[in-house]
file model16.txt (compact mmCIF, C-alpha atoms)
# COMPACT_ATOMS: atom_id res chain seq x y z
CA MET A 180 -41.47 37.99 -1.65
CA ALA A 181 -38.43 37.06 -3.74
CA ILE A 182 -37.98 33.39 -4.64
CA TYR A 183 -34.80 32.22 -6.40
CA CYS A 184 -35.03 28.88 -8.25
CA ASP A 185 -32.40 26.53 -9.63
CA GLU A 186 -32.05 22.84 -10.48
CA SER A 187 -29.52 20.05 -10.52
CA GLY A 188 -29.44 16.88 -12.59
CA PHE A 189 -31.32 18.19 -15.62
CA THR A 190 -31.03 15.82 -18.59
CA GLY A 191 -33.83 17.16 -20.75
CA ASN A 192 -36.25 14.55 -22.05
CA ASP A 193 -33.92 11.67 -21.24
CA LEU A 194 -35.18 10.21 -17.96
CA LEU A 195 -33.09 7.05 -18.37
CA HIS A 196 -29.72 8.79 -18.00
CA GLU A 197 -27.61 6.30 -16.04
CA LYS A 198 -25.09 8.74 -14.55
CA GLN A 199 -27.66 11.27 -13.36
CA PRO A 200 -30.63 9.32 -11.94
CA TRP A 201 -31.96 12.20 -9.80
CA PHE A 202 -33.41 15.60 -10.63
CA VAL A 203 -33.61 18.22 -7.87
CA TYR A 204 -35.27 21.64 -7.89
CA ALA A 205 -34.79 24.22 -5.14
CA ALA A 206 -36.65 27.47 -4.44
CA LEU A 207 -35.01 29.81 -1.93
CA ASN A 208 -36.74 32.75 -0.26
CA ILE A 209 -34.12 35.46 0.18
CA GLU A 210 -33.59 39.08 -0.79
CA GLU A 211 -30.71 39.70 -3.16
CA ASP A 212 -28.76 42.03 -0.89
CA GLU A 213 -28.84 39.40 1.88
CA ALA A 214 -27.77 36.71 -0.58
CA VAL A 215 -24.84 38.85 -1.70
CA ARG A 216 -23.69 39.34 1.88
CA PHE A 217 -23.84 35.63 2.66
CA ARG A 218 -22.16 34.62 -0.60
CA ASP A 219 -19.31 37.06 -0.01
CA LYS A 220 -19.03 35.88 3.60
CA ILE A 221 -18.49 32.20 2.71
CA LYS A 222 -16.19 33.07 -0.19
CA SER A 223 -14.00 35.08 2.14
CA LYS A 224 -14.18 32.71 5.10
CA TYR A 225 -13.45 29.54 3.11
CA HIS A 226 -11.26 31.09 0.37
CA LEU A 227 -13.63 30.20 -2.49
CA GLN A 228 -12.77 31.56 -5.91
CA GLY A 229 -15.02 32.68 -8.77
CA GLU A 230 -18.73 31.88 -9.04
CA ILE A 231 -19.66 29.37 -6.35
CA LYS A 232 -21.15 26.13 -7.68
CA GLY A 233 -22.65 23.40 -5.55
CA LYS A 234 -21.27 20.58 -7.71
CA ASN A 235 -17.77 21.87 -6.90
CA LEU A 236 -18.23 22.68 -3.22
CA VAL A 237 -19.43 19.17 -2.28
CA LYS A 238 -16.08 17.76 -3.43
CA SER A 239 -13.84 19.69 -1.02
CA GLY A 240 -13.51 20.10 2.71
CA ALA A 241 -13.71 23.89 2.55
CA GLY A 242 -16.69 23.68 0.22
CA GLN A 243 -18.56 21.34 2.56
CA LYS A 244 -17.89 23.71 5.46
CA ALA A 245 -19.44 26.54 3.41
CA LEU A 246 -22.45 24.36 2.65
CA ARG A 247 -22.84 23.46 6.33
CA LEU A 248 -23.07 27.15 7.15
CA LEU A 249 -25.62 27.63 4.34
CA TYR A 250 -27.84 24.86 5.72
CA GLU A 251 -27.55 26.08 9.29
CA GLU A 252 -28.60 29.62 8.34
CA TYR A 253 -31.02 29.15 5.44
CA ALA A 254 -32.49 25.64 5.43
CA PRO A 255 -35.83 26.96 6.82
CA LYS A 256 -36.06 29.36 3.86
CA VAL A 257 -35.75 26.81 1.06
CA ARG A 258 -38.26 24.37 -0.40
CA ILE A 259 -36.92 21.42 -2.40
CA VAL A 260 -38.43 18.67 -4.54
CA TYR A 261 -36.60 15.71 -6.03
CA HIS A 262 -37.47 13.18 -8.73
CA HIS A 263 -36.01 9.74 -9.32
CA LYS A 264 -36.06 10.00 -13.10
CA LYS A 265 -36.67 6.37 -13.94
CA TYR A 266 -39.48 6.10 -11.41
CA ALA A 267 -40.83 9.41 -12.72
CA LEU A 268 -41.08 7.74 -16.13
CA SER A 269 -43.05 4.93 -14.46
CA ALA A 270 -45.38 7.51 -12.93
CA LYS A 271 -45.89 8.98 -16.38
CA TYR A 272 -46.96 5.52 -17.54
CA PHE A 273 -49.92 5.83 -15.21
CA GLU A 274 -50.48 9.47 -16.17
CA TYR A 275 -50.71 8.88 -19.91
CA VAL A 276 -51.98 5.29 -20.10
CA PHE A 277 -54.41 4.88 -17.19
CA GLU A 278 -55.38 8.40 -16.14
CA PRO A 279 -57.32 9.23 -19.36
CA VAL A 280 -59.50 6.14 -18.87
CA ILE A 281 -60.40 6.89 -15.23
CA SER A 282 -60.27 10.69 -15.39
CA ASN A 283 -63.95 11.15 -14.52
CA HIS A 284 -63.40 9.25 -11.28
CA ASN A 285 -59.71 9.93 -10.62
CA SER A 286 -60.16 11.24 -7.06
CA PHE A 287 -61.36 7.80 -5.95
CA PHE A 288 -58.42 6.04 -7.61
CA TYR A 289 -55.92 8.49 -6.11
CA ARG A 290 -57.37 7.90 -2.65
CA MET A 291 -56.80 4.18 -3.17
CA GLU A 292 -53.27 5.01 -4.42
CA PHE A 293 -53.96 3.11 -7.61
CA ASN A 294 -51.62 5.58 -9.36
CA LYS A 295 -48.71 4.58 -7.12
CA PHE A 296 -49.60 0.90 -7.41
CA ILE A 297 -49.35 1.06 -11.21
CA ALA A 298 -46.18 3.19 -11.14
CA HIS A 299 -44.45 0.79 -8.74
CA LEU A 300 -45.65 -2.24 -10.66
CA VAL A 301 -44.18 -0.83 -13.86
CA PHE A 302 -41.00 0.26 -12.09
CA SER A 303 -40.38 -3.05 -10.30
CA SER A 304 -41.11 -5.06 -13.43
CA PHE A 305 -39.24 -3.01 -16.01
CA GLU A 306 -36.43 -1.51 -13.89
CA PRO A 307 -34.11 -4.55 -14.01
CA LYS A 308 -32.00 -4.60 -17.15
CA LYS A 309 -33.65 -7.45 -18.94
CA ASP A 310 -33.82 -7.13 -22.68
CA ASP A 311 -37.57 -6.84 -23.24
CA ALA A 312 -38.24 -5.09 -19.93
CA GLU A 313 -35.60 -2.43 -20.56
CA ASN A 314 -36.74 -2.06 -24.14
CA ILE A 315 -40.28 -1.34 -22.95
CA TYR A 316 -38.94 1.56 -20.89
CA LEU A 317 -36.95 2.82 -23.86
CA LYS A 318 -39.89 2.43 -26.23
CA PHE A 319 -42.23 4.25 -23.85
CA GLN A 320 -39.78 7.14 -23.56
CA GLU A 321 -39.36 7.25 -27.32
CA LEU A 322 -43.14 7.39 -27.66
CA LEU A 323 -43.31 10.37 -25.30
CA ARG A 324 -40.48 12.00 -27.25
CA GLY A 325 -42.45 11.58 -30.45
CA ASN A 326 -39.65 9.54 -32.04
CA ASP A 327 -41.40 6.17 -32.33
CA TRP A 328 -45.19 6.04 -32.46
CA GLU A 329 -45.52 2.26 -32.84
CA GLY A 330 -42.53 0.70 -31.08
CA LEU A 331 -44.08 0.38 -27.61
CA PHE A 332 -47.27 -1.23 -28.88
CA VAL A 333 -45.43 -3.64 -31.18
CA LEU A 334 -43.14 -4.68 -28.32
CA LEU A 335 -46.02 -5.15 -25.86
CA LYS A 336 -47.83 -7.29 -28.38
CA SER A 337 -44.84 -9.46 -29.25
CA SER A 338 -43.01 -9.80 -25.90
CA GLN A 339 -43.58 -12.14 -23.01
CA MET A 340 -44.38 -10.10 -19.89
CA PRO A 341 -42.51 -10.85 -16.63
CA ASN A 342 -45.67 -11.65 -14.63
CA PRO A 343 -49.49 -11.81 -14.99
CA LEU A 344 -50.03 -8.34 -13.51
CA VAL A 345 -47.76 -6.74 -16.08
CA GLU A 346 -49.56 -8.79 -18.72
CA LEU A 347 -52.73 -6.94 -17.66
CA VAL A 348 -50.88 -3.60 -17.94
CA ALA A 349 -49.74 -4.55 -21.45
CA THR A 350 -53.25 -5.60 -22.50
CA PHE A 351 -54.75 -2.41 -21.07
CA THR A 352 -52.15 -0.34 -22.94
CA LEU A 353 -52.84 -2.04 -26.26
CA ILE A 354 -56.60 -1.63 -25.91
CA HIS A 355 -56.28 2.10 -25.29
CA LYS A 356 -53.61 2.85 -27.89
CA ASP A 357 -55.66 5.52 -29.69
CA ARG A 358 -56.62 7.21 -26.44
CA ILE A 359 -52.99 7.29 -25.31
CA LEU A 360 -51.83 8.85 -28.57
CA ASN A 361 -54.57 11.46 -28.29
CA GLU A 362 -53.55 12.23 -24.71
CA ILE A 363 -49.90 12.95 -25.53
CA THR A 364 -50.50 15.05 -28.65
CA THR A 365 -52.05 18.37 -29.60
CA ASN A 366 -53.08 18.81 -33.21
CA GLY A 367 -51.08 15.72 -34.11
CA GLU A 368 -47.88 16.99 -32.49
CA ILE A 369 -46.32 15.56 -29.34
CA ASP A 370 -46.69 17.84 -26.33
CA TYR A 371 -43.17 19.27 -26.06
CA TRP A 372 -43.13 19.49 -22.23
CA ILE A 373 -44.28 15.94 -21.58
CA LEU A 374 -40.97 14.64 -20.14
CA ASP A 375 -39.82 17.91 -18.62
CA LEU A 376 -39.35 17.56 -14.86
CA ALA A 377 -38.17 21.16 -14.43
CA GLN A 378 -41.54 22.73 -15.16
CA ASN A 379 -43.19 20.21 -12.82
CA GLY A 380 -40.71 21.05 -10.07
CA LEU A 381 -41.08 24.79 -10.51
CA TYR A 382 -44.86 24.62 -10.58
CA ASP A 383 -45.00 22.53 -7.39
CA LEU A 384 -42.57 24.73 -5.50
CA LEU A 385 -44.40 27.92 -6.43
CA ARG A 386 -47.68 26.38 -5.26
CA ILE A 387 -46.09 25.61 -1.88
CA TRP A 388 -44.42 29.00 -1.53
CA SER A 389 -47.65 30.83 -2.43
CA VAL A 390 -49.36 29.27 0.57
CA ASP A 391 -46.48 30.20 2.86
CA ALA A 392 -45.55 33.61 1.48
CA GLY A 393 -48.40 35.01 -0.61
CA LEU A 394 -47.53 36.96 -3.75
CA LEU A 395 -44.20 35.89 -5.22
CA LYS A 396 -41.49 37.52 -7.28
CA VAL A 397 -39.78 34.60 -9.02
CA ILE A 398 -36.28 34.56 -10.53
CA CYS A 399 -35.15 31.33 -12.22
CA ASP A 400 -31.71 30.37 -13.46
CA GLU A 401 -31.53 30.74 -17.24
CA SER A 402 -32.86 27.59 -18.92
CA LYS A 403 -34.08 27.60 -22.50
CA PRO A 404 -36.37 24.53 -22.12
CA LEU A 405 -37.92 25.85 -18.91
CA LYS A 406 -38.25 29.37 -20.30
CA ASP A 407 -39.99 27.91 -23.34
CA ALA A 408 -42.34 25.87 -21.13
CA VAL A 409 -43.18 28.91 -18.99
CA SER A 410 -43.95 30.97 -22.09
CA ARG A 411 -46.28 28.30 -23.53
CA ILE A 412 -48.13 27.04 -20.45
CA PRO A 413 -50.83 29.62 -19.59
CA ASN A 414 -50.86 28.99 -15.83
CA PHE A 415 -47.28 30.24 -15.54
CA SER A 416 -48.24 33.66 -16.89
CA VAL A 417 -51.32 34.63 -14.86
CA LEU A 418 -50.60 37.35 -12.29
CA ASN A 419 -52.17 37.83 -8.86
CA GLN A 420 -54.20 34.63 -8.92
CA GLU A 421 -56.42 33.71 -6.00
CA LEU A 422 -55.25 30.33 -4.74
CA ARG A 423 -57.48 27.34 -5.39
CA PHE A 424 -57.25 24.05 -3.49
CA TRP A 425 -57.97 20.35 -4.13
CA ASP A 426 -57.93 17.28 -1.90
CA PRO A 427 -57.55 14.23 -4.20
CA PHE A 428 -55.85 12.04 -1.60
CA GLY A 429 -57.98 12.79 1.44
CA LYS A 430 -54.92 14.12 3.28
CA GLY A 431 -55.87 17.77 3.37
CA ALA A 432 -56.27 20.42 0.70
CA THR A 433 -53.34 21.16 -1.57
CA PRO A 434 -53.01 24.24 -3.84
CA VAL A 435 -53.53 23.72 -7.56
CA ASN A 436 -52.14 27.09 -8.61
CA PHE A 437 -49.82 29.84 -7.38
CA SER A 438 -49.75 33.61 -7.22
CA ILE A 439 -47.01 35.77 -8.74
CA SER A 440 -46.83 39.54 -8.71
CA GLU A 441 -44.95 39.87 -12.01
CA PRO A 442 -43.86 37.62 -14.90
CA ILE A 443 -41.33 34.94 -14.00
CA GLN A 444 -37.83 36.24 -14.68
CA PHE A 445 -34.96 34.20 -16.12
CA ALA A 446 -31.43 35.33 -15.42
CA SER A 447 -27.81 34.19 -15.25
CA SER A 448 -26.61 32.92 -11.91
CA LYS A 449 -23.49 35.04 -12.42
CA ASP A 450 -25.68 38.10 -11.96
CA TYR A 451 -27.66 36.97 -8.91
CA ALA A 452 -26.28 35.69 -5.62
CA GLY A 453 -29.75 34.34 -4.81
CA LEU A 454 -29.53 31.97 -7.77
CA GLN A 455 -26.06 30.86 -6.68
CA LEU A 456 -27.35 29.95 -3.21
CA ALA A 457 -30.35 28.12 -4.71
CA ASP A 458 -27.88 26.13 -6.81
CA LEU A 459 -25.91 25.21 -3.67
CA PHE A 460 -29.03 23.68 -2.16
CA ALA A 461 -30.11 21.86 -5.33
CA SER A 462 -26.65 20.53 -6.16
CA SER A 463 -25.82 19.38 -2.64
CA VAL A 464 -29.14 17.53 -2.26
CA ALA A 465 -28.62 15.88 -5.65
CA TRP A 466 -25.12 14.86 -4.57
CA SER A 467 -26.47 13.38 -1.33
CA LEU A 468 -29.06 11.33 -3.24
CA ASN A 469 -26.29 9.96 -5.44
CA ASN A 470 -24.00 9.31 -2.44
CA PRO A 471 -26.33 8.01 0.30
CA SER A 472 -23.57 6.51 2.47
CA ALA A 473 -21.26 9.57 2.51
CA SER A 474 -20.68 11.31 5.82
CA PHE A 475 -21.70 14.70 4.39
CA THR A 476 -24.98 13.13 3.26
CA LYS A 477 -25.74 12.34 6.91
CA PHE A 478 -25.37 16.05 7.68
CA ILE A 479 -27.80 16.97 4.89
CA ASP A 480 -30.19 14.22 6.00
CA SER A 481 -30.38 15.83 9.44
CA PHE A 482 -32.27 18.68 7.74
CA ASN A 483 -34.78 16.44 5.92
CA ASP A 484 -37.79 17.55 7.94
CA THR A 485 -36.92 21.18 7.29
CA LEU A 486 -36.12 20.78 3.60
CA PHE A 487 -38.94 18.42 2.67
CA GLY A 488 -41.52 18.83 5.42
CA LYS A 489 -43.86 20.72 3.09
CA THR A 490 -42.75 19.17 -0.20
CA ARG A 491 -42.53 15.45 0.56
CA ASP A 492 -45.84 14.68 -1.20
CA PHE A 493 -44.47 16.38 -4.32
CA CYS A 494 -41.23 14.39 -4.39
CA VAL A 495 -41.16 11.44 -6.77
CA ALA A 496 -39.21 8.36 -5.67
CA PRO A 497 -39.92 4.62 -5.52
CA GLU A 498 -41.26 3.00 -2.35
CA THR A 499 -41.78 -0.52 -3.68
CA GLY A 500 -42.00 -2.09 -0.24
CA LYS A 501 -44.97 0.13 0.59
CA PHE A 502 -47.22 -0.32 -2.42
CA LEU A 503 -46.55 -3.87 -3.59
CA ILE A 504 -47.12 -5.89 -0.41
CA PRO A 505 -49.14 -9.06 -1.13
CA GLY A 506 -51.93 -9.75 1.30
CA THR A 507 -52.63 -6.13 2.23
CA ARG A 508 -56.15 -4.86 1.58
CA ARG A 509 -55.00 -2.01 -0.66
CA PHE A 510 -52.76 -4.29 -2.73
CA GLU A 511 -55.59 -6.79 -3.21
CA PHE A 512 -58.00 -4.00 -4.12
CA ASN A 513 -55.63 -2.55 -6.71
CA ILE A 514 -55.04 -5.98 -8.26
CA MET A 515 -58.80 -6.34 -8.57
CA ALA A 516 -59.07 -2.81 -10.02
CA LEU A 517 -56.39 -3.51 -12.65
CA ASN A 518 -58.05 -6.80 -13.54
CA ARG A 519 -61.55 -5.34 -13.82
CA LEU A 520 -60.48 -2.18 -15.66
CA THR A 521 -58.74 -4.37 -18.24
CA GLN A 522 -61.79 -6.65 -18.47
CA PHE A 523 -64.19 -3.71 -18.84
CA SER A 524 -61.87 -2.08 -21.39
CA LYS A 525 -62.35 -5.12 -23.61
CA ILE A 526 -66.12 -4.61 -23.38
CA SER A 527 -66.24 -0.82 -23.78
CA PRO A 528 -62.89 1.03 -23.96
CA ALA A 529 -64.49 4.47 -23.77
CA ASN A 530 -66.50 3.66 -20.64
CA ALA A 531 -64.24 1.31 -18.67
CA GLY A 532 -63.81 3.70 -15.74
CA THR A 533 -67.54 4.33 -15.37
CA ILE A 534 -68.37 0.62 -15.68
CA PHE A 535 -65.85 -0.11 -12.93
CA MET A 536 -67.41 2.45 -10.59
CA ASP A 537 -70.89 1.01 -11.31
CA PHE A 538 -69.47 -2.44 -10.55
CA LEU A 539 -68.22 -1.21 -7.17
CA LYS A 540 -71.53 0.45 -6.33
CA GLU A 541 -73.42 -2.72 -7.17
CA GLY A 542 -71.12 -4.70 -4.89
CA VAL A 543 -71.73 -2.26 -2.06
CA ARG A 544 -75.50 -2.44 -2.66
CA LEU A 545 -75.50 -6.25 -2.51
CA VAL A 546 -73.46 -6.29 0.70
CA THR A 547 -75.76 -3.66 2.26
CA ASN A 548 -78.89 -5.64 1.31
CA LYS A 549 -77.48 -8.82 2.86
CA LYS A 550 -77.13 -6.99 6.16

call {"tool": "encode", "arguments": {"input": "model16.txt", "output": "structure tokens"}}
result
Amino acid sequence: MAIYCDESGFTGNDLLHEKQPWFVYAALNIEEDEAVRFRDKIKSKYHLQGEIKGKNLVKSGAGQKALRLLYEEYAPKVRIVYHHKKYALSAKYFEYVFEPVISNHNSFFYRMEFNKFIAHLVFSSFEPKKDDAENIYLKFQELLRGNDWEGLFVLLKSSQMPNPLVELVATFTLIHKDRILNEITTNGEIDYWILDLAQNGLYDLLRIWSVDAGLLKVICDESKPLKDAVSRIPNFSVLNQELRFWDPFGKGATPVNFSISEPIQFASSKDYAGLQLADLFASSVAWSLNNPSASFTKFIDSFNDTLFGKTRDFCVAPETGKFLIPGTRRFEFNIMALNRLTQFSKISPANAGTIFMDFLKEGVRLVTNKK
């Protein structure tokens, strides 16, 4: 089963790029001869010249007509994920600051959506362009780039936080400084792929397609960073894997790996019509995210269930109104969890997650005995 993959909005390890806030990755299931026929058809019908590029087609009437035909014929054969880059950086704050501390019990915390609570708390507090708040984002990104090992911790220690909850996040971060640095490095060197959304997008899409289509033959648009990541991350190179599943959220099992029949191939889009069509999907979705009120966006939105029905849980975008609602049971629980994890970290940094789980069990035992 041939899968052609391409992206739009790639800005490397800069997730704070103001002009390109979204990253989109598309994986299209199509055979090359069919892709060639369709590409030639829309080029002839709509008088398109040269190599077709999505970023160009969305800007013209003829180009949008060609894209409409693409969606009408091939939307069911594409899987797409998107990432709001700045929120993705907030999610990485949870991944590299909190996850190592609770890793032995992470399924429970994921079920309570503690990860999304922390990501949204960081995003809503640091997203506005206030000097210290914006600097914390910048310093965190520079830490993950390996450019500034101390800046984030110095700033958290010296700055006034915007609210008491973020003060707890700052305290927790400072307590676990050594653990965080250990988590983001290997042999003293920063993990090179740590801010790369492309390898995350590719991995997620191949997991989804493996469930739907079995063994995959994967062709990706030429990308040196992604090619480097694929060559270094072992899971990208294993052939004919049996799929394994995990259910961390209690919403049904999700695959944790994928199955490919041959090594992932990287090629120029000029040489493969399948890559050109994958680009059309990725670029047009990225354009719609950047232009939410445009009439053509409404057309693309009409395909949302088809495009994202199987990938929605893998898309990364803020939903502040859902996870930061005062008075809801989950919000109150997560406030308590943040408070207690910070408190227990002061007592025993290495065991804070286990102490918290013992604290919960003791509470359940007391309530049960009262009954």

call {"tool": "closest_atom_pairs", "arguments": {"input": "model16.txt", "of": "stretch 245-307 of chain A", "to": "stretch 317-333 of chain A", "cutoff": "10 Å", "atoms": "all atoms listed in the file", "output": "JSON lines"}}
result
{"residue": "A:Leu268", "atom": "CA", "partner": "A:Gln320", "partner_atom": "CA", "distance": 7.6}
{"residue": "A:Ser269", "atom": "CA", "partner": "A:Phe319", "partner_atom": "CA", "distance": 9.5}
{"residue": "A:Lys271", "atom": "CA", "partner": "A:Leu323", "partner_atom": "CA", "distance": 9.4}
{"residue": "A:Tyr272", "atom": "CA", "partner": "A:Phe319", "partner_atom": "CA", "distance": 8.0}
{"residue": "A:Tyr275", "atom": "CA", "partner": "A:Leu323", "partner_atom": "CA", "distance": 9.3}

call {"tool": "closest_residue", "arguments": {"input": "model16.txt", "among": "A:Asn192, A:Pro255, A:Leu454, A:Asn342", "to": "A:Ile373", "atoms": "all atoms listed in the file"}}
result
A:Asn192

call {"tool": "atom_distance", "arguments": {"input": "model16.txt", "atom1": "atom CA of A:Glu421", "atom2": "atom CA of A:Leu394"}}
result
9.7 Å

call {"tool": "residues_around", "arguments": {"input": "model16.txt", "residues": "A:Leu456", "least_positions_apart": "6", "cutoff": "9 Å", "atoms": "all atoms listed in the file", "output": "JSON, numbers by chain"}}
result
{"A": [183, 185, 207, 214, 217, 218, 231, 232, 233, 249]}

call {"tool": "closest_residue", "arguments": {"input": "model16.txt", "among": "A:Ser448, A:Thr350, A:Ser389, A:Asn470", "to": "A:Arg423", "atoms": "only C-alpha atoms"}}
result
A:Ser389

call {"tool": "residues_around", "arguments": {"input": "model16.txt", "residues": "A:Pro279", "least_positions_apart": "5", "cutoff": "8 Å", "atoms": "only C-alpha atoms", "output": "list in words"}}
result
Glu274, Arg358, Ile359 and Glu362 of chain A

call {"tool": "closest_residue", "arguments": {"input": "model16.txt", "among": "A:Met515, A:Ile443, A:Ile297, A:Ala245", "to": "A:Glu401", "atoms": "all atoms listed in the file"}}
result
A:Ile443

call {"tool": "residues_near_point", "arguments": {"input": "model16.txt", "point": "(-21.6, 39.3, -2.1)", "cutoff": "12 Å", "atoms": "only C-alpha atoms", "output": "PDB file with C-alpha atoms, keeping the file's coordinate frame"}}
result
ATOM      1  CA  GLU A 211     -30.710  39.700  -3.160  1.00  0.00           C
ATOM      2  CA  ASP A 212     -28.760  42.030  -0.890  1.00  0.00           C
ATOM      3  CA  GLU A 213     -28.840  39.400   1.880  1.00  0.00           C
ATOM      4  CA  ALA A 214     -27.770  36.710  -0.580  1.00  0.00           C
ATOM      5  CA  VAL A 215     -24.840  38.850  -1.700  1.00  0.00           C
ATOM      6  CA  ARG A 216     -23.690  39.340   1.880  1.00  0.00           C
ATOM      7  CA  PHE A 217     -23.840  35.630   2.660  1.00  0.00           C
ATOM      8  CA  ARG A 218     -22.160  34.620  -0.600  1.00  0.00           C
ATOM      9  CA  ASP A 219     -19.310  37.060  -0.010  1.00  0.00           C
ATOM     10  CA  LYS A 220     -19.030  35.880   3.600  1.00  0.00           C
ATOM     11  CA  ILE A 221     -18.490  32.200   2.710  1.00  0.00           C
ATOM     12  CA  LYS A 222     -16.190  33.070  -0.190  1.00  0.00           C
ATOM     13  CA  SER A 223     -14.000  35.080   2.140  1.00  0.00           C
ATOM     14  CA  GLY A 229     -15.020  32.680  -8.770  1.00  0.00           C
ATOM     15  CA  GLU A 230     -18.730  31.880  -9.040  1.00  0.00           C
ATOM     16  CA  ILE A 231     -19.660  29.370  -6.350  1.00  0.00           C
ATOM     17  CA  LYS A 449     -23.490  35.040 -12.420  1.00  0.00           C
ATOM     18  CA  ASP A 450     -25.680  38.100 -11.960  1.00  0.00           C
ATOM     19  CA  TYR A 451     -27.660  36.970  -8.910  1.00  0.00           C
ATOM     20  CA  ALA A 452     -26.280  35.690  -5.620  1.00  0.00           C
ATOM     21  CA  GLY A 453     -29.750  34.340  -4.810  1.00  0.00           C
ATOM     22  CA  GLN A 455     -26.060  30.860  -6.680  1.00  0.00           C
ATOM     23  CA  LEU A 456     -27.350  29.950  -3.210  1.00  0.00           C
TER      24      LEU A 456
END

call {"tool": "closest_residue", "arguments": {"input": "model16.txt", "among": "A:Val495, A:Val464, A:Ala205, A:Leu347", "to": "A:Lys295", "atoms": "only C-alpha atoms"}}
result
A:Val495

call {"tool": "decode", "arguments": {"input": "model16.txt", "residues": "stretch 337-350 of chain A", "atoms": "N, CA and C atoms", "output": "mmCIF file, in the first residue's frame"}}
result
data_model
loop_
_atom_site.group_PDB
_atom_site.id
_atom_site.type_symbol
_atom_site.label_atom_id
_atom_site.label_comp_id
_atom_site.auth_asym_id
_atom_site.auth_seq_id
_atom_site.Cartn_x
_atom_site.Cartn_y
_atom_site.Cartn_z
ATOM 1 N N SER A 337 13.473 34.422 39.223
ATOM 2 C CA SER A 337 13.540 35.865 39.446
ATOM 3 C C SER A 337 12.268 36.607 39.051
ATOM 4 N N SER A 338 11.364 35.961 38.290
ATOM 5 C CA SER A 338 10.190 36.664 37.768
ATOM 6 C C SER A 338 8.963 36.444 38.642
ATOM 7 N N GLN A 339 8.069 37.410 38.582
ATOM 8 C CA GLN A 339 6.783 37.261 39.245
ATOM 9 C C GLN A 339 5.829 36.548 38.286
ATOM 10 N N MET A 340 5.246 35.436 38.731
ATOM 11 C CA MET A 340 4.360 34.652 37.884
ATOM 12 C C MET A 340 2.981 35.309 37.805
ATOM 13 N N PRO A 341 2.256 35.092 36.686
ATOM 14 C CA PRO A 341 0.984 35.789 36.469
ATOM 15 C C PRO A 341 -0.147 35.355 37.389
ATOM 16 N N ASN A 342 -0.054 34.158 38.001
ATOM 17 C CA ASN A 342 -1.100 33.703 38.912
ATOM 18 C C ASN A 342 -0.541 32.584 39.799
ATOM 19 N N PRO A 343 -1.237 32.229 40.879
ATOM 20 C CA PRO A 343 -0.721 31.211 41.813
ATOM 21 C C PRO A 343 -0.515 29.838 41.181
ATOM 22 N N LEU A 344 -1.349 29.460 40.220
ATOM 23 C CA LEU A 344 -1.175 28.156 39.588
ATOM 24 C C LEU A 344 0.128 28.093 38.801
ATOM 25 N N VAL A 345 0.433 29.158 38.088
ATOM 26 C CA VAL A 345 1.688 29.190 37.334
ATOM 27 C C VAL A 345 2.876 29.279 38.292
ATOM 28 N N GLU A 346 2.662 29.880 39.444
ATOM 29 C CA GLU A 346 3.703 29.888 40.479
ATOM 30 C C GLU A 346 4.040 28.456 40.899
ATOM 31 N N LEU A 347 3.009 27.590 40.993
ATOM 32 C CA LEU A 347 3.252 26.178 41.307
ATOM 33 C C LEU A 347 4.035 25.505 40.175
ATOM 34 N N VAL A 348 3.679 25.812 38.924
ATOM 35 C CA VAL A 348 4.407 25.259 37.776
ATOM 36 C C VAL A 348 5.871 25.675 37.835
ATOM 37 N N ALA A 349 6.116 26.941 38.144
ATOM 38 C CA ALA A 349 7.491 27.441 38.231
ATOM 39 C C ALA A 349 8.256 26.734 39.336
ATOM 40 N N THR A 350 7.629 26.593 40.503
ATOM 41 C CA THR A 350 8.282 25.926 41.636
ATOM 42 C C THR A 350 8.600 24.479 41.291
#
